[in-house]
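J.: The following file, coords-v2.tsv, comprises TSV, C-alpha atoms:
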```tsv
chain	number	residue	atom	x	y	z
A	91	MET	CA	-11.40	12.83	-9.22
A	92	HIS	CA	-8.16	12.76	-11.18
A	93	ILE	CA	-6.86	16.33	-11.20
A	94	TYR	CA	-3.97	15.41	-13.50
A	95	ASN	CA	-3.79	12.53	-15.96
A	96	GLU	CA	-0.02	12.44	-15.53
A	97	PRO	CA	2.15	13.55	-12.59
A	98	VAL	CA	3.16	17.23	-12.57
A	99	TYR	CA	6.43	18.37	-10.97
A	100	ASP	CA	6.52	22.01	-12.10
A	101	LEU	CA	5.67	24.09	-9.02
A	102	ASN	CA	4.34	26.98	-11.12
A	103	GLU	CA	2.00	24.57	-12.86
A	104	LEU	CA	0.87	23.00	-9.59
A	105	ALA	CA	0.21	26.48	-8.16
A	106	ARG	CA	-2.53	27.11	-10.72
A	107	TYR	CA	-4.83	25.04	-8.49
A	108	ASN	CA	-5.42	25.61	-4.78
A	109	LEU	CA	-6.96	22.34	-3.66
A	110	HIS	CA	-7.33	23.03	0.06
A	111	VAL	CA	-9.63	25.96	0.88
A	112	HIS	CA	-11.93	26.33	3.87
A	113	THR	CA	-15.11	28.39	3.97
A	114	VAL	CA	-17.02	29.75	6.96
A	115	PHE	CA	-18.54	26.28	7.31
A	116	SER	CA	-15.23	25.23	8.89
A	117	ARG	CA	-15.23	26.48	12.48
A	118	CYS	CA	-11.51	27.26	12.31
A	119	ALA	CA	-11.88	29.51	9.24
A	120	LYS	CA	-12.12	33.28	9.58
A	121	PRO	CA	-15.53	34.96	9.11
A	122	GLU	CA	-14.20	36.56	5.92
A	123	MET	CA	-14.18	33.17	4.14
A	124	LEU	CA	-17.42	33.73	2.27
A	125	LEU	CA	-17.59	32.14	-1.16
A	126	LYS	CA	-18.01	35.39	-3.07
A	127	ASP	CA	-14.88	36.82	-1.46
A	128	ILE	CA	-12.93	33.59	-1.84
A	129	VAL	CA	-13.71	33.59	-5.56
A	130	ALA	CA	-12.79	37.25	-6.04
A	131	THR	CA	-9.50	36.83	-4.15
A	132	ALA	CA	-8.53	33.64	-5.99
A	133	GLU	CA	-9.29	35.22	-9.36
A	134	ALA	CA	-7.19	38.27	-8.52
A	135	ALA	CA	-4.27	35.99	-7.58
A	136	GLY	CA	-4.44	34.14	-10.90
A	137	VAL	CA	-5.60	30.86	-9.37
A	138	GLU	CA	-7.60	28.87	-11.92
A	139	MET	CA	-9.24	26.22	-9.75
A	140	ILE	CA	-10.05	25.82	-6.06
A	141	ALA	CA	-11.36	22.95	-3.99
A	142	LEU	CA	-13.66	23.88	-1.12
A	143	THR	CA	-12.58	21.45	1.57
A	144	ASP	CA	-14.51	22.11	4.74
A	145	HIS	CA	-13.92	19.78	7.66
A	146	TYR	CA	-15.98	16.67	8.27
A	147	ASN	CA	-15.08	16.06	11.92
A	148	PHE	CA	-18.15	14.47	13.50
A	149	HIS	CA	-20.08	11.22	13.45
A	150	ASP	CA	-23.53	11.36	11.80
A	151	TYR	CA	-22.85	14.70	10.11
A	152	ASP	CA	-23.84	13.72	6.56
A	153	GLU	CA	-27.17	15.54	6.37
A	154	CYS	CA	-25.67	18.86	7.47
A	155	TYR	CA	-22.58	18.40	5.32
A	156	LEU	CA	-24.54	17.67	2.16
A	157	ALA	CA	-26.75	20.70	2.87
A	158	GLN	CA	-23.59	22.84	3.04
A	159	ILE	CA	-22.48	21.51	-0.35
A	160	ARG	CA	-25.86	22.29	-1.91
A	161	LEU	CA	-25.80	25.83	-0.53
A	162	LEU	CA	-22.25	26.45	-1.81
A	163	LYS	CA	-23.27	25.20	-5.25
A	164	ARG	CA	-26.20	27.63	-5.34
A	165	GLN	CA	-23.92	30.48	-4.28
A	166	ALA	CA	-21.37	29.59	-6.95
A	167	ALA	CA	-24.03	29.44	-9.65
A	168	ALA	CA	-25.21	32.93	-8.70
A	169	LEU	CA	-21.66	34.30	-9.02
A	170	GLY	CA	-21.22	33.23	-12.62
A	171	THR	CA	-17.47	32.94	-12.17
A	172	LYS	CA	-15.02	31.40	-14.64
A	173	LEU	CA	-13.00	30.07	-11.71
A	174	ARG	CA	-13.40	26.31	-11.55
A	175	ILE	CA	-14.75	25.26	-8.17
A	176	LEU	CA	-14.62	21.72	-6.83
A	177	PHE	CA	-17.18	21.02	-4.13
A	178	SER	CA	-15.12	18.86	-1.89
A	179	GLY	CA	-14.21	18.05	1.68
A	180	GLU	CA	-11.37	17.58	4.11
A	181	LEU	CA	-12.51	14.21	5.35
A	182	SER	CA	-11.40	12.38	8.47
A	183	ASN	CA	-9.60	9.04	8.36
A	184	TYR	CA	-9.60	8.77	12.14
A	185	GLY	CA	-8.28	5.21	12.43
A	186	VAL	CA	-6.90	2.45	10.24
A	187	GLY	CA	-9.61	1.79	7.66
A	188	LYS	CA	-12.03	4.12	9.49
A	189	GLN	CA	-13.77	7.18	8.06
A	190	LEU	CA	-16.54	9.35	9.47
A	191	GLU	CA	-18.55	10.13	6.34
A	192	SER	CA	-21.06	7.92	4.54
A	193	ALA	CA	-20.72	6.50	1.04
A	194	GLU	CA	-23.44	8.96	-0.03
A	195	THR	CA	-21.31	11.90	1.04
A	196	VAL	CA	-18.22	10.52	-0.70
A	197	ALA	CA	-20.20	10.11	-3.92
A	198	ALA	CA	-21.49	13.70	-3.72
A	199	LEU	CA	-18.01	15.25	-3.60
A	200	ASP	CA	-15.96	16.33	-6.59
A	201	TYR	CA	-12.69	15.82	-4.73
A	202	ARG	CA	-11.84	13.79	-1.63
A	203	LEU	CA	-9.05	15.19	0.53
A	204	TYR	CA	-8.34	13.05	3.60
A	205	THR	CA	-6.40	13.82	6.73
A	206	CYS	CA	-4.93	10.99	8.78
A	207	ASN	CA	-3.37	13.00	11.60
A	208	HIS	CA	-5.86	15.28	13.37
A	209	PHE	CA	-4.95	13.77	16.73
A	210	HIS	CA	-6.18	16.87	18.57
A	211	LEU	CA	-9.81	15.97	17.80
A	212	PRO	CA	-11.81	13.93	20.34
A	213	VAL	CA	-12.98	11.49	17.66
A	214	TRP	CA	-9.44	10.54	16.63
A	215	GLU	CA	-7.93	7.19	17.55
A	216	HIS	CA	-4.37	7.05	18.90
A	217	PRO	CA	-1.88	4.21	18.57
A	218	GLU	CA	-1.28	1.83	21.46
A	219	ASP	CA	2.41	2.67	21.13
A	220	LYS	CA	2.39	6.34	22.06
A	221	SER	CA	5.97	6.98	20.98
A	222	PRO	CA	7.13	9.06	17.99
A	223	ARG	CA	7.51	5.86	15.98
A	224	GLY	CA	4.11	4.63	17.14
A	225	TYR	CA	2.42	7.76	15.79
A	226	ALA	CA	4.38	7.53	12.55
A	227	GLN	CA	3.40	3.88	12.09
A	228	PHE	CA	-0.24	4.70	12.78
A	229	GLN	CA	-0.23	7.30	10.00
A	230	LEU	CA	1.58	4.99	7.59
A	231	ASP	CA	-1.00	2.27	8.24
A	232	CYS	CA	-3.92	4.68	7.83
A	233	ILE	CA	-2.60	6.03	4.53
A	234	ARG	CA	-1.84	2.57	3.18
A	235	ALA	CA	-5.37	1.34	3.95
A	236	LEU	CA	-6.90	4.49	2.45
A	237	MET	CA	-4.90	4.14	-0.76
A	238	GLU	CA	-5.71	0.45	-1.06
A	239	ALA	CA	-9.42	1.25	-0.66
A	240	ARG	CA	-9.20	3.77	-3.55
A	241	ARG	CA	-11.29	6.13	-1.42
A	242	ALA	CA	-9.09	9.25	-1.48
A	243	ASP	CA	-7.91	11.66	-4.16
A	244	CYS	CA	-5.23	13.28	-1.98
A	245	ILE	CA	-3.66	12.96	1.47
A	246	ALA	CA	-3.72	16.27	3.36
A	247	HIS	CA	-0.57	17.47	5.17
A	248	PRO	CA	0.76	13.90	5.04
A	249	LEU	CA	2.61	12.25	7.92
A	250	ILE	CA	3.30	15.43	9.90
A	251	GLY	CA	3.74	15.36	13.66
A	252	ARG	CA	2.21	18.76	14.33
A	253	PHE	CA	-0.84	17.36	16.13
A	254	VAL	CA	1.13	14.85	18.22
A	255	LYS	CA	1.54	16.34	21.68
A	256	ILE	CA	4.07	13.95	23.22
A	257	CYS	CA	7.10	15.28	21.32
A	258	GLU	CA	8.37	17.78	18.79
A	259	PRO	CA	6.76	17.28	15.34
A	260	ALA	CA	10.00	16.34	13.57
A	261	GLU	CA	10.63	13.56	16.09
A	262	VAL	CA	7.70	11.70	14.53
A	263	THR	CA	8.72	12.10	10.91
A	264	LYS	CA	12.40	11.31	11.53
A	265	THR	CA	11.35	7.74	12.33
A	266	ILE	CA	9.89	7.25	8.84
A	267	THR	CA	12.33	5.62	6.44
A	268	ASP	CA	12.92	6.50	2.80
A	269	ASN	CA	11.78	2.98	1.91
A	270	GLU	CA	8.45	3.59	3.63
A	271	LEU	CA	7.98	6.87	1.77
A	272	GLY	CA	8.86	5.13	-1.48
A	273	GLU	CA	6.48	2.24	-0.88
A	274	LEU	CA	3.53	4.56	-0.23
A	275	SER	CA	4.49	6.79	-3.16
A	276	GLU	CA	4.41	3.78	-5.48
A	277	LEU	CA	1.06	2.72	-4.05
A	278	GLY	CA	-0.24	6.27	-4.51
A	279	ARG	CA	0.85	6.24	-8.13
A	280	GLU	CA	-1.01	2.98	-8.74
A	281	ALA	CA	-4.12	4.16	-6.88
A	282	HIS	CA	-3.91	7.72	-8.30
A	283	VAL	CA	-3.81	9.21	-4.80
A	284	ALA	CA	-1.72	12.37	-4.49
A	285	TRP	CA	0.47	13.73	-1.74
A	286	GLU	CA	-0.52	17.26	-0.78
A	287	LEU	CA	2.13	19.96	-0.95
A	288	ASN	CA	0.55	21.86	1.92
A	289	ALA	CA	2.47	25.12	2.18
A	290	GLY	CA	2.27	25.46	5.95
A	291	ALA	CA	3.17	21.82	6.50
A	292	VAL	CA	6.20	22.12	4.22
A	293	TYR	CA	7.44	25.13	6.20
A	294	GLY	CA	6.85	23.27	9.45
A	295	ASP	CA	8.81	20.15	8.45
A	296	PRO	CA	10.99	20.98	5.45
A	297	GLU	CA	13.15	17.86	5.76
A	298	LEU	CA	10.14	15.53	5.53
A	299	PHE	CA	8.77	17.26	2.47
A	300	ARG	CA	12.16	17.45	0.77
A	301	ARG	CA	12.40	13.68	1.14
A	302	LEU	CA	8.80	13.13	0.08
A	303	TRP	CA	9.13	15.39	-2.98
A	304	ASN	CA	12.30	13.74	-4.23
A	305	ILE	CA	11.28	10.17	-3.44
A	306	GLY	CA	7.78	10.78	-4.80
A	307	ARG	CA	9.11	12.13	-8.08
A	308	GLU	CA	11.43	9.14	-8.42
A	309	ALA	CA	8.45	6.84	-7.84
A	310	GLY	CA	6.37	8.75	-10.39
A	311	THR	CA	3.59	9.61	-7.97
A	312	TYR	CA	1.20	12.58	-7.92
A	313	PHE	CA	1.34	15.84	-5.99
A	314	HIS	CA	-1.37	18.47	-5.46
A	315	PHE	CA	-0.92	22.02	-4.16
A	316	GLY	CA	-2.95	23.38	-1.27
A	317	THR	CA	-2.51	26.28	1.11
A	318	ASP	CA	-5.03	25.06	3.70
A	319	ALA	CA	-6.54	28.53	3.40
A	320	HIS	CA	-8.48	29.71	6.44
A	321	THR	CA	-8.08	33.40	5.47
A	322	LEU	CA	-8.41	35.29	2.19
A	323	ALA	CA	-4.72	36.22	2.29
A	324	ALA	CA	-3.80	32.53	2.26
A	325	LEU	CA	-5.49	31.83	-1.09
A	326	ASP	CA	-2.58	32.95	-3.25
A	327	THR	CA	-0.66	29.80	-4.16
A	328	PHE	CA	1.86	31.62	-6.33
A	329	ALA	CA	3.14	33.55	-3.31
A	330	HIS	CA	4.66	30.29	-2.03
A	331	VAL	CA	6.34	28.97	-5.16
A	332	GLU	CA	9.83	30.41	-4.72
A	333	ARG	CA	10.10	29.49	-1.06
A	334	LEU	CA	8.86	25.97	-1.77
A	335	ARG	CA	11.37	25.62	-4.58
A	336	GLU	CA	14.18	26.58	-2.20
A	337	ILE	CA	13.05	23.95	0.29
A	338	LEU	CA	12.15	21.08	-2.02
A	339	CYS	CA	14.62	21.26	-4.87
```
Rewrite the structure from the file as structure tokens, please.
T.:
Amino acid sequence: MHIYNEPVYDLNELARYNLHVHTVFSRCAKPEMLLKDIVATAEAAGVEMIALTDHYNFHDYDECYLAQIRLLKRQAAALGTKLRILFSGELSNYGVGKQLESAETVAALDYRLYTCNHFHLPVWEHPEDKSPRGYAQFQLDCIRALMEARRADCIAHPLIGRFVKICEPAEVTKTITDNELGELSELGREAHVAWELNAGAVYGDPELFRRLWNIGREAGTYFHFGTDAHTLAALDTFAHVERLREILC
């Protein structure tokens, strides 16, 4: 789904939509993440649209996952909210050209957010070269293949080293060149695949996201805003705008 017809680089405008929200169907989310409370909290914060992006982390999980989506749709219909809700998923690109979910699940989703770096999960493949550069190259290759396949709408917390256990996170991203960021940004523009401005990821690796923001804007690519909300307090996108502006601009 194309969230924006043209790229948006105004952080206040991007903050109108929180496109990375977990419900209680994600095991890592807090028990408070019930849809009715998510909606009420987002509305109070002035958020206009949310994407419900529960994890798809297992093989052969389609039947359960689609049942979750149907239940969330029924709950949303009963709420009668004006908040726009995208019934979506944080999907797993666990290897180069490899995804867990079926084509049926992809077709059922309003918005397809993919992660390429959940290396802490048992299902995830690791590069043969288990060096900082090896993990960076693995992510670059995964993202390139995903963009070329036109399967994703957005790349979640892109390229970060947080889940790589052999080194400090920034050691991974320091090996990525500006040319590599530019190449993928241009491909993302052509494929209409956005980089996620994930608030927590930006704070964790400000130098990476400063580079990505500036190179991405120069390339004319797309960005989406997401807080990766696992708690109600994390739903407010506007609370991050000023700090993000200080880091990125």
J.: Which residue gives the smallest distance to A:Ala197 among A:Gly290, A:Gly179, A:Gly251, A:Gly272, with all atoms listed in the file counted?
T.: A:Gly179
J.: With distances taken over all atoms listed in the file, which residue among A:Lys188, A:Tyr155, A:Ala226, A:Leu125 lies nearest A:Leu169?
T.: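 Under the stated criterion, the closest residue is A:Leu125.
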J.: May I ask for the distance between atom CA of A:Glu261 and atom CA of A:Pro222, given in Å to one decimal place?
T.: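 Calculated distance between atom CA of A:Glu261 and atom CA of A:Pro222 is 6.0 Å.
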J.: With stretch 96-100 of chain A as the partner and 8 Å as the cut-off, tabulate the residues of stretch 234-321 of chain A that qualify, each row holding the nearest pair of atoms and their distance in Å to one decimal, using all atoms listed in the file, sorted by chain and rising number, as a Markdown table.
T.:
```
| residue | atom | partner | partner_atom | distance |
| --- | --- | --- | --- | --- |
| A:Arg307 | CA | A:Tyr99 | CA | 7.4 |
| A:Gly310 | CA | A:Pro97 | CA | 6.8 |
| A:Thr311 | CA | A:Pro97 | CA | 6.2 |
| A:Tyr312 | CA | A:Pro97 | CA | 4.9 |
| A:Phe313 | CA | A:Val98 | CA | 7.0 |
```
J.: I need the residues from that last selection saved to file as a short mmCIF file (atom, residue, chain, number, x, y, z; two decimals), in the coordinates of the input (with C-alpha atoms), if you can.
T.:
```cif
data_model
loop_
_atom_site.label_atom_id
_atom_site.label_comp_id
_atom_site.auth_asym_id
_atom_site.auth_seq_id
_atom_site.Cartn_x
_atom_site.Cartn_y
_atom_site.Cartn_z
CA ARG A 307 9.11 12.13 -8.08
CA GLY A 310 6.37 8.75 -10.39
CA THR A 311 3.59 9.61 -7.97
CA TYR A 312 1.20 12.58 -7.92
CA PHE A 313 1.34 15.84 -5.99
#
```
J.: Closest to A:Tyr204 among A:Leu271, A:Val283, A:Ala119, A:Leu277, using all atoms listed in the file?
T.: A:Val283
J.: Please report the interatomic distance between atom CA of A:Asn288 and atom CA of A:Gly316 in Å with one decimal.
T.: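 Straight-line distance from atom CA of A:Asn288 to atom CA of A:Gly316 works out to 5.0 Å.
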J.: Using all atoms listed in the file, pick whichever of A:His149, A:Arg174, A:Arg335, A:Arg223 has the shortest atom-to-atom distance to A:Ala132.
T.: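 Ranking A:His149, A:Arg174, A:Arg335, A:Arg223 by distance to A:Ala132, first place goes to A:Arg174.
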J.: Applying 9 Å and only C-alpha atoms, which residues near A:Thr205 remain after dropping the ones on its own chain fewer than 5 positions away? List them as number ranges by chain.
T.: A: 180-184, 233, 244-248
J.: Using only C-alpha atoms - which residues lie no farther than 6 Å from the point (-8.0, 32.1, -5.4) in the file's frame? Write them as number ranges by chain.
T.: A: 129, 131-133, 135, 137, 325-326
J.: Could you give me, as a PyMOL selection string, the residues that have an atom at most 12 Å away from the point (5.9, 18.9, 14.9) in the coordinates of the file, using only C-alpha atoms?
T.: chain A and resi 207+222+225-226+247+249-264+290-298
J.: What is the distance between atom CA of A:His314 and atom CA of A:Asn108, in Å to one decimal?
T.: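 A separation of 8.2 Å between them.
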J.: So, with only C-alpha atoms as the atoms that count, which of A:Arg106, A:Arg279, A:His145, A:Lys126 lies closest to A:Gln165?
T.: A:Lys126
J.: Please determine, counting only C-alpha atoms, which residue among A:Met123, A:Phe228, A:Thr143, A:Leu236 has the shortest atom-to-atom distance to A:Thr265.
T.: A:Phe228
J.: List as an MDAnalysis selection string the protein and nucleic acid residues near A:His330, meaning an atom at most 10 Å away when only C-alpha atoms are counted, but skip any in the same chain fewer than 6 places from it.
T.: chainID A and resid 101:102 105 289:290 317 324
J.: Find the residues around A:Asp150 up to 8 Å (all atoms listed in the file counted), leave out those fewer than 2 positions away in its own chain, and share them as a list in words.
T.: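 The residues that qualify are Phe148, Asp152, Glu153, Leu190 and Glu191 of chain A.
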